[in-house]
Amino acid sequence: MKKTILTLFVAALAFSSNAQIKTPAPSPAQKIEQIVGLTDVTLEYSRPSMKGRTIFGGLEDYGKVWRTGANKNTTLTFSTDFTVDGKSLKKGTYALYTIPGKETWDIILYSDANNWGNPAKWDDSKVAAKVRVTPFKMPMPIETFTISFDDLTNNSAVVGIMWENVYVGLKFETPTETMVSKQINTIMSGPSAGDYYASAAYYLEAGKDIKKAQMWIDKAVDLTSDAPKFWFLRRQALIHAKAGNKKGAIAAAKASLKYAEIAKNAGYIKMNKASLKEWGAK
């Protein structure tokens with residue numbers, strides 16, 4: 001009996017020494033992936049909460065480097081080269097630091113992204129970019145520290161930093177224009193209908209040369225005349241309308257409507273009918 005009790009006691013000790021109780025992290029980690037134009041941007045950071053504390057000018061001193069989050073340093077990873085405040089930076093991973101202030105903040109991209117919080121020794125030679133921005137007062141308190149990608153365009157976005165009652169933003173730009181134009185110039189040496197369509201669509205959305213867009217979409221439609229595509233025709237209608245050719249726009253919209261009805265695509269049927277009404281088609 002004593003031997004049995006001893007065995008059970010040893011087993012219980014072994015279990016208790018190996019068991020680990022999992023509890024929620026005080027500052028949960030978050031990972032966000034955002035596509036900006038043709039650039040993949042990944043944000044990784046930890047999110048502390050106010051919990052009744054004064055943050056800026058309290059928990060985080062004004063005028064001192066802040067890790068901009070909790071735990072390991074916050075990081076931003078870019079899949080292509082990019083630009084911050086007119087300065088070109090290489091693709092890769094950067095740590096995001098800030099220096100909060102009452103009137104202005106400094107937002108810093110630091111080339112050494114493998115620190116637990118702030119670097120043990122700050123190295124100015126590793127400051128890839130430093131931008132001074134004006135903080136905005138939020139209309140409501142932000143309990144949990146938040147970073148977001150705001151004001152997205154084909155060529156840029158803003159890294160928005162929010163906590164307590166403060167918002168600051170760091171704008172960065174991506175080489176979308178250069179990358180797309182290079183593809184277009186390369187592919188146009190022997191483009192397919194899809195290439196013409198994609199190029200025309202990009203020029204329409206980006207507000208570029210509408211005459212070129214018109215030429216390309218017409219070629220795309222011509223190349224698919226044996227098997228008309230209602231979405232090609234829809235894009236042709238929009239481009240011709242923007243180019244001021246209402247007659248051509250109406251003709252393309254009617255053709256798109258016809259083939260959308262055959263395909264039973266309710267979305268394109270609705271859009272084409274709306275456009276035809278707007279353009280005064282009979």
# chains A, B, ... in the order shown; residues from 1 in each chain; ligands from 1
>>> select_by_dssp(residues="range 35-198 of chain A", states="alpha helix (DSSP H)", output="JSON, numbers by chain")
{"A": [176, 177, 178, 179, 180, 181, 182, 183, 184, 185, 186, 187, 193, 194, 195, 196, 197, 198]}
>>> atom_distance(atom1="CA of Val168 in chain A", atom2="CA of Asp123 in chain A")
24.0 Å
>>> residues_around(residues="Glu44 in chain A", least_positions_apart="5", cutoff="8 Å", atoms="only C-alpha atoms", output="CSV table (one decimal) with N, CA and C atoms, in the first residue's frame")
chain,number,residue,atom,x,y,z
A,29,ALA,N,-0.6,39.8,-29.3
A,29,ALA,CA,0.1,40.0,-30.6
A,29,ALA,C,-0.9,40.1,-31.7
A,30,GLN,N,-0.6,40.9,-32.7
A,30,GLN,CA,-1.4,41.0,-33.9
A,30,GLN,C,-0.5,41.0,-35.1
A,31,LYS,N,-0.9,40.4,-36.2
A,31,LYS,CA,-0.2,40.4,-37.5
A,31,LYS,C,-1.2,40.8,-38.6
A,32,ILE,N,-0.9,41.9,-39.3
A,32,ILE,CA,-1.7,42.3,-40.4
A,32,ILE,C,-0.9,42.3,-41.7
A,74,THR,N,8.0,46.5,-32.6
A,74,THR,CA,7.0,46.4,-33.7
A,74,THR,C,7.7,46.4,-35.1
A,75,THR,N,7.3,45.6,-36.0
A,75,THR,CA,8.0,45.6,-37.3
A,75,THR,C,7.1,45.8,-38.5
A,76,LEU,N,7.6,46.3,-39.6
A,76,LEU,CA,7.0,46.5,-40.9
A,76,LEU,C,7.9,45.8,-41.9
>>> residues_around(residues="range 187-195 of chain A", least_positions_apart="5", cutoff="8 Å", atoms="only C-alpha atoms", output="short mmCIF file (atom, residue, chain, number, x, y, z; two decimals) with C-alpha atoms, in the first residue's frame")
data_model
loop_
_atom_site.label_atom_id
_atom_site.label_comp_id
_atom_site.auth_asym_id
_atom_site.auth_seq_id
_atom_site.Cartn_x
_atom_site.Cartn_y
_atom_site.Cartn_z
CA LYS A 219 -8.20 45.73 -79.39
CA ALA A 220 -9.18 43.46 -76.49
CA VAL A 221 -12.80 43.40 -77.67
CA LEU A 223 -9.54 39.89 -80.29
CA THR A 224 -12.48 38.25 -78.46
#
>>> closest_residue(among="A:His240, A:Lys229, A:Arg67, A:Arg47", to="Ala120 in chain A", atoms="only C-alpha atoms")
A:Arg67
>>> residues_around(residues="Ala237 in chain A", least_positions_apart="4", cutoff="6 Å", atoms="only C-alpha atoms", output="PyMOL selection string")
chain A and resi 249+252-253
>>> closest_atom_pairs(of="range 53-74 of chain A", to="range 87-95 of chain A", cutoff="12 Å", atoms="only C-alpha atoms", output="tab-separated table")
residue	atom	partner	partner_atom	distance
A:Trp66	CA	A:Ala95	CA	11.3
A:Arg67	CA	A:Ala95	CA	8.6
A:Thr68	CA	A:Ala95	CA	9.4
A:Gly69	CA	A:Ala95	CA	11.1
A:Lys72	CA	A:Ala95	CA	9.6
A:Asn73	CA	A:Ala95	CA	6.1
A:Thr74	CA	A:Ala95	CA	5.6
>>> write_last_selection(atoms="C-alpha atoms", output="tab-separated table (two decimals), in the first residue's frame")
chain	number	residue	atom	x	y	z
A	66	TRP	CA	9.04	54.38	-27.42
A	67	ARG	CA	8.94	50.83	-28.75
A	68	THR	CA	5.46	51.69	-30.18
A	69	GLY	CA	3.70	48.73	-28.69
A	72	LYS	CA	9.33	42.63	-29.07
A	73	ASN	CA	9.78	45.68	-31.28
A	74	THR	CA	6.99	46.43	-33.74
>>> residues_around(residues="Leu238 in chain A", least_positions_apart="6", cutoff="10 Å", atoms="only C-alpha atoms", output="list in words")
Ala201, Leu204, Gln214, Gly244, Asn245, Lys246, Gly248, Ala249, Ile250, Ala252, Ala253, Asn272 and Ser275 of chain A
>>> closest_residue(among="A:Lys282, A:Lys242, A:Lys126, A:Lys212", to="Ala200 in chain A", atoms="only C-alpha atoms")
A:Lys212
>>> select_by_dssp(residues="range 3-165 of chain A", states="strand (DSSP E)", output="PyMOL selection string")
chain A and resi 29-36+39-46+75-78+82-84+87-89+92-99+105-110+127-133+136-150+156-165
